[in-house]
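Asker: Take a look at this one; I'll ask things after.
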Amino acid sequence: MILTARDIHKSFGSLHVLKGVDISVSDAEILSIVGKSGSGKTSLLQILGTLDQADQGSLSFEDQDISSFSRKRLADFRNRHFGFIFQFHYLLNEFTALENVAMPAWIGQTEKKAALSRSKELLDYLGLAERLDHKPTQLSGGEQQRVAIARALINEPKIIFADEPTGNLDSQTSEEIQDLFIKLNKELGQSFVIVTHQSEMAKISHRTVTMLDGIIQEIEE
């Protein structure tokens, strides 16, 4: 297992959102987390991706306990090992597609020229060779999401966490993004953890975890 979470609890005030969740992610696995709004799936994704901390429980990455990492150490770890894709792309409008993709590499102290070269390779791979110098406002929704995917890939993460990655896209573009995830998984061995409401996205997964009221109700393989 790449990532293992044990007995994860999370509360917001008096609301107990996660109630002792155990979950793991394997190498080259697409894992989907589904459930009704308020089931705890997004909170679990954020904890697995170290964007938030659990109130109780442990999180280990490749058998290393990362639960007690300092905030600074955790931020560096997250940038090196994890990638993120969100429903809203969160691209920086003042930068080009190429620069947006390179940003996490620059944060990780990768030399500027090398980061831009890697960014170009990824955008070429994702079919955006003609959009390198376009800014986000000049791109379609699907193109923006592909730029966001390239940005998530730039540091060669072990796991990409995707929160409703097709939730803001039309059905055709959603299908293209699903096909792209399958391609990345098969060709690059990329692992994904995906929170989704869309059954078609869940169908591409090796395992689907269904959450209800802060606990895992079912795991379907």
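Following the order of the structure tokens, first chain is A, next is B, and so on, with residues numbered from 1 inside each chain and ligands from 1 in the order they appear.
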Taking 2 positions as the minimum chain separation for residues in the same chain, which residues sit within 10 Å of segment 54-58 of chain A when counting only C-alpha atoms? Answer as a VMD selection string.

Answerer: chain A and resid 4 to 12 18 to 22 43 to 44 46 to 48 50 52 60 65 to 68

Asker: Determine, counting only C-alpha atoms, which protein, DNA and RNA residues have an atom within 6 Å of an atom of segment 113-127 of chain A; residues of the same chain fewer than 5 positions away are not included. Present the result as a list in words.

Answerer: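 Using only C-alpha atoms, the neighbours found are Leu98, Val101, Ala102, Ala105 and Ala150 of chain A.
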
Asker: Which value, in Å to one decimal, gives the distance between atom CA of Phe161 of chain A and atom CA of Phe61 of chain A?

Answerer: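 Value for the atom CA of Phe161 of chain A-atom CA of Phe61 of chain A distance: 14.3 Å.
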
Asker: Can you list, as a PyMOL selection string, every residue of segment 125-204 of chain A that DSSP puts in helix (DSSP H, G or I)?

Answerer: chain A and resi 125+129-131+136-138+141-153+171-188+199-203

Asker: Need the shell around Leu212 of chain A: protein/DNA/RNA residues with any atom at most 12 Å away, counting only C-alpha atoms. Skip same-chain ones fewer than 3 positions apart. Format as a list in words?

Answerer: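 Final neighbour list, sorted by chain and number: Val17, Leu18, Lys19, Val21, Ile33, Val34, Gly35, Lys36, Ser37, Gly38, Ser39, Gly40, Lys41, Val209, Ile215, Ile216, Gln217, Glu218 and Ile219 of chain A.
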
Asker: Enumerate, as a PyMOL selection string, the complete set of residues in segment 1-220 of chain A that a backbone-based DSSP assignment places in strand (DSSP E).

Answerer: chain A and resi 3-12+15-25+30-34+56-61+64-65+82-86+159-163+191-195+207-212+215-220

Asker: Report as JSON lines: every residue of segment 32-133 of chain A with an atom at most 8 Å from segment 141-145 of chain A, its closest pair of atoms, and their distance in Å to one decimal, counting only C-alpha atoms, with rows sorted by chain and ascending residue number.

Answerer:
```
{"residue": "A:His89", "atom": "CA", "partner": "A:Gln145", "partner_atom": "CA", "distance": 6.0}
{"residue": "A:Leu91", "atom": "CA", "partner": "A:Gln144", "partner_atom": "CA", "distance": 7.7}
{"residue": "A:Leu128", "atom": "CA", "partner": "A:Glu143", "partner_atom": "CA", "distance": 7.5}
```

Asker: Emit the selected residues as an mmCIF file, in the first residue's frame, including all heavy atoms.

Answerer:
```
data_model
loop_
_atom_site.group_PDB
_atom_site.id
_atom_site.type_symbol
_atom_site.label_atom_id
_atom_site.label_comp_id
_atom_site.auth_asym_id
_atom_site.auth_seq_id
_atom_site.Cartn_x
_atom_site.Cartn_y
_atom_site.Cartn_z
ATOM 1 N N HIS A 89 -10.753 24.977 -11.364
ATOM 2 C CA HIS A 89 -9.377 24.658 -11.736
ATOM 3 C C HIS A 89 -8.314 25.367 -10.891
ATOM 4 O O HIS A 89 -7.199 24.875 -10.761
ATOM 5 C CB HIS A 89 -9.168 24.999 -13.217
ATOM 6 C CG HIS A 89 -10.369 24.699 -14.055
ATOM 7 N ND1 HIS A 89 -10.821 23.412 -14.262
ATOM 8 C CD2 HIS A 89 -11.243 25.517 -14.701
ATOM 9 C CE1 HIS A 89 -11.912 23.447 -15.023
ATOM 10 N NE2 HIS A 89 -12.190 24.707 -15.292
ATOM 11 N N LEU A 91 -6.544 27.888 -11.573
ATOM 12 C CA LEU A 91 -5.387 28.337 -12.336
ATOM 13 C C LEU A 91 -5.189 29.828 -12.080
ATOM 14 O O LEU A 91 -6.132 30.559 -11.785
ATOM 15 C CB LEU A 91 -5.604 28.082 -13.835
ATOM 16 C CG LEU A 91 -5.842 26.621 -14.234
ATOM 17 C CD1 LEU A 91 -6.140 26.527 -15.726
ATOM 18 C CD2 LEU A 91 -4.654 25.748 -13.873
ATOM 19 N N LEU A 128 -2.318 19.650 -25.586
ATOM 20 C CA LEU A 128 -2.410 21.107 -25.501
ATOM 21 C C LEU A 128 -1.163 21.802 -26.036
ATOM 22 O O LEU A 128 -0.820 22.902 -25.592
ATOM 23 C CB LEU A 128 -2.652 21.521 -24.044
ATOM 24 C CG LEU A 128 -4.003 21.122 -23.452
ATOM 25 C CD1 LEU A 128 -4.038 21.415 -21.962
ATOM 26 C CD2 LEU A 128 -5.147 21.838 -24.155
#
```

Asker: When distances are computed from only C-alpha atoms, which of A:Asp76, A:Asp133, A:Glu176, A:Glu62 shows the smallest separation from Ala97 of chain A?

Answerer: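 Closest residue, counting only C-alpha atoms: A:Asp133.
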
Asker: Excluding His206 of chain A and its own-chain neighbours fewer than 3 positions away, which residues fall within 9 Å of it when counting only C-alpha atoms? Please give them as a PyMOL selection string.

Answerer: chain A and resi 29-32+202-203+220-221

Asker: From the options A:Glu175, A:Ser199, A:Leu51, A:Phe84, which residue's atoms come nearest to Arg71 of chain A, counting only C-alpha atoms?

Answerer: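 Using only C-alpha atoms, Arg71 of chain A sits closest to A:Leu51.
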
Asker: Which one is closest to Ile182 of chain A: A:Val195, A:Ala28, A:Leu59, A:Leu15? Count only C-alpha atoms.

Answerer: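 Ranked by minimum distance to Ile182 of chain A, first place goes to A:Ala28.
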
Asker: May I ask which of the residues A:Leu3, A:Leu153, A:Ala129, A:Met201 is the closest one to Ser174 of chain A, counting only C-alpha atoms?

Answerer: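 Once distances to Ser174 of chain A are computed over only C-alpha atoms, the minimum belongs to A:Met201.
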
Asker: Skipping near chain neighbours, those fewer than 5 positions away, what residues fall within 12 Å of Phe95 of chain A using only C-alpha atoms, listed as a CSV table (one decimal) with all heavy atoms, in the first residue's frame?

Answerer:
```csv
chain,number,residue,atom,x,y,z
A,90,TYR,N,-8.7,26.5,-10.3
A,90,TYR,CA,-7.7,27.3,-9.5
A,90,TYR,C,-6.4,27.6,-10.3
A,90,TYR,O,-5.3,27.6,-9.7
A,90,TYR,CB,-7.4,26.6,-8.2
A,90,TYR,CG,-8.6,26.5,-7.3
A,90,TYR,CD1,-9.2,25.2,-7.0
A,90,TYR,CD2,-9.3,27.6,-6.8
A,90,TYR,CE1,-10.3,25.1,-6.2
A,90,TYR,CE2,-10.4,27.5,-6.0
A,90,TYR,CZ,-10.9,26.2,-5.7
A,90,TYR,OH,-12.1,26.1,-4.9
A,100,ASN,N,1.5,28.0,-15.4
A,100,ASN,CA,0.7,27.4,-14.3
A,100,ASN,C,1.1,26.0,-14.0
A,100,ASN,O,1.1,25.6,-12.9
A,100,ASN,CB,-0.8,27.4,-14.8
A,100,ASN,CG,-1.6,28.6,-14.3
A,100,ASN,OD1,-2.0,28.7,-13.2
A,100,ASN,ND2,-1.7,29.6,-15.2
A,101,VAL,N,1.4,25.2,-15.1
A,101,VAL,CA,1.9,23.8,-14.9
A,101,VAL,C,3.2,23.8,-14.1
A,101,VAL,O,3.4,22.9,-13.2
A,101,VAL,CB,2.0,23.1,-16.2
A,101,VAL,CG1,2.5,21.7,-16.0
A,101,VAL,CG2,0.6,23.0,-16.9
A,102,ALA,N,4.1,24.7,-14.4
A,102,ALA,CA,5.4,24.7,-13.8
A,102,ALA,C,5.4,25.1,-12.4
A,102,ALA,O,6.4,24.8,-11.6
A,102,ALA,CB,6.4,25.6,-14.6
A,103,MET,N,4.4,25.8,-11.9
A,103,MET,CA,4.4,26.4,-10.6
A,103,MET,C,4.8,25.4,-9.4
A,103,MET,O,5.6,25.8,-8.6
A,103,MET,CB,3.0,27.0,-10.3
A,103,MET,CG,3.0,28.2,-9.3
A,103,MET,SD,4.0,29.6,-9.9
A,103,MET,CE,2.9,30.2,-11.3
A,132,LEU,N,0.2,26.5,-25.1
A,132,LEU,CA,1.2,26.7,-24.1
A,132,LEU,C,1.2,28.1,-23.6
A,132,LEU,O,1.4,28.4,-22.4
A,132,LEU,CB,2.6,26.4,-24.7
A,132,LEU,CG,2.8,24.9,-25.2
A,132,LEU,CD1,4.3,24.8,-25.6
A,132,LEU,CD2,2.5,23.9,-24.1
A,133,ASP,N,1.0,29.1,-24.5
A,133,ASP,CA,1.2,30.5,-24.1
A,133,ASP,C,-0.2,31.2,-23.9
A,133,ASP,O,-0.3,32.4,-23.7
A,133,ASP,CB,1.9,31.3,-25.2
A,133,ASP,CG,3.4,30.8,-25.4
A,133,ASP,OD1,4.0,30.5,-24.3
A,133,ASP,OD2,3.8,30.7,-26.5
A,134,HIS,N,-1.3,30.4,-23.9
A,134,HIS,CA,-2.6,30.9,-23.6
A,134,HIS,C,-2.8,31.0,-22.1
A,134,HIS,O,-2.4,30.2,-21.3
A,134,HIS,CB,-3.7,30.0,-24.2
A,134,HIS,CG,-3.8,30.1,-25.7
A,134,HIS,ND1,-2.7,29.7,-26.5
A,134,HIS,CD2,-4.8,30.5,-26.5
A,134,HIS,CE1,-3.1,29.9,-27.8
A,134,HIS,NE2,-4.4,30.3,-27.8
A,135,LYS,N,-3.5,32.1,-21.7
A,135,LYS,CA,-3.8,32.2,-20.3
A,135,LYS,C,-5.2,31.6,-20.0
A,135,LYS,O,-5.9,31.3,-21.0
A,135,LYS,CB,-3.9,33.7,-19.9
A,135,LYS,CG,-2.5,34.3,-20.0
A,135,LYS,CD,-2.4,35.8,-19.5
A,135,LYS,CE,-1.0,36.3,-19.5
A,135,LYS,NZ,-0.9,37.7,-19.0
A,136,PRO,N,-5.5,31.2,-18.8
A,136,PRO,CA,-6.7,30.5,-18.5
A,136,PRO,C,-8.0,31.0,-19.1
A,136,PRO,O,-8.8,30.2,-19.6
A,136,PRO,CB,-6.8,30.5,-17.0
A,136,PRO,CG,-5.3,30.6,-16.6
A,136,PRO,CD,-4.7,31.4,-17.6
A,137,THR,N,-8.2,32.3,-19.1
A,137,THR,CA,-9.4,32.9,-19.7
A,137,THR,C,-9.5,32.7,-21.2
A,137,THR,O,-10.6,32.9,-21.8
A,137,THR,CB,-9.4,34.4,-19.4
A,137,THR,OG1,-8.2,35.0,-19.9
A,137,THR,CG2,-9.6,34.7,-17.9
A,138,GLN,N,-8.4,32.3,-21.8
A,138,GLN,CA,-8.4,32.0,-23.3
A,138,GLN,C,-8.7,30.5,-23.6
A,138,GLN,O,-8.6,30.1,-24.7
A,138,GLN,CB,-7.1,32.4,-23.9
A,138,GLN,CG,-6.8,33.9,-23.8
A,138,GLN,CD,-5.4,34.3,-24.2
A,138,GLN,OE1,-4.4,33.8,-23.7
A,138,GLN,NE2,-5.3,35.1,-25.2
A,147,VAL,N,-5.0,21.5,-18.2
A,147,VAL,CA,-3.9,22.2,-17.6
A,147,VAL,C,-3.7,21.9,-16.1
A,147,VAL,O,-2.6,21.7,-15.6
A,147,VAL,CB,-4.0,23.7,-17.8
A,147,VAL,CG1,-2.9,24.5,-17.1
A,147,VAL,CG2,-4.0,24.1,-19.3
```

Asker: Using only C-alpha atoms, which of the listed residues (A:Gln190, A:Asn155, A:Thr166, A:Ser205) sits closest to Ile85 of chain A?

Answerer: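 Selected residue with least distance to Ile85 of chain A: A:Thr166.
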
Asker: Using atom CA of Trp106 of chain A and atom CA of Phe82 of chain A as the two end points, give the distance in Å to one decimal.

Answerer: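 That distance, rounded to one decimal, is 15.2 Å.
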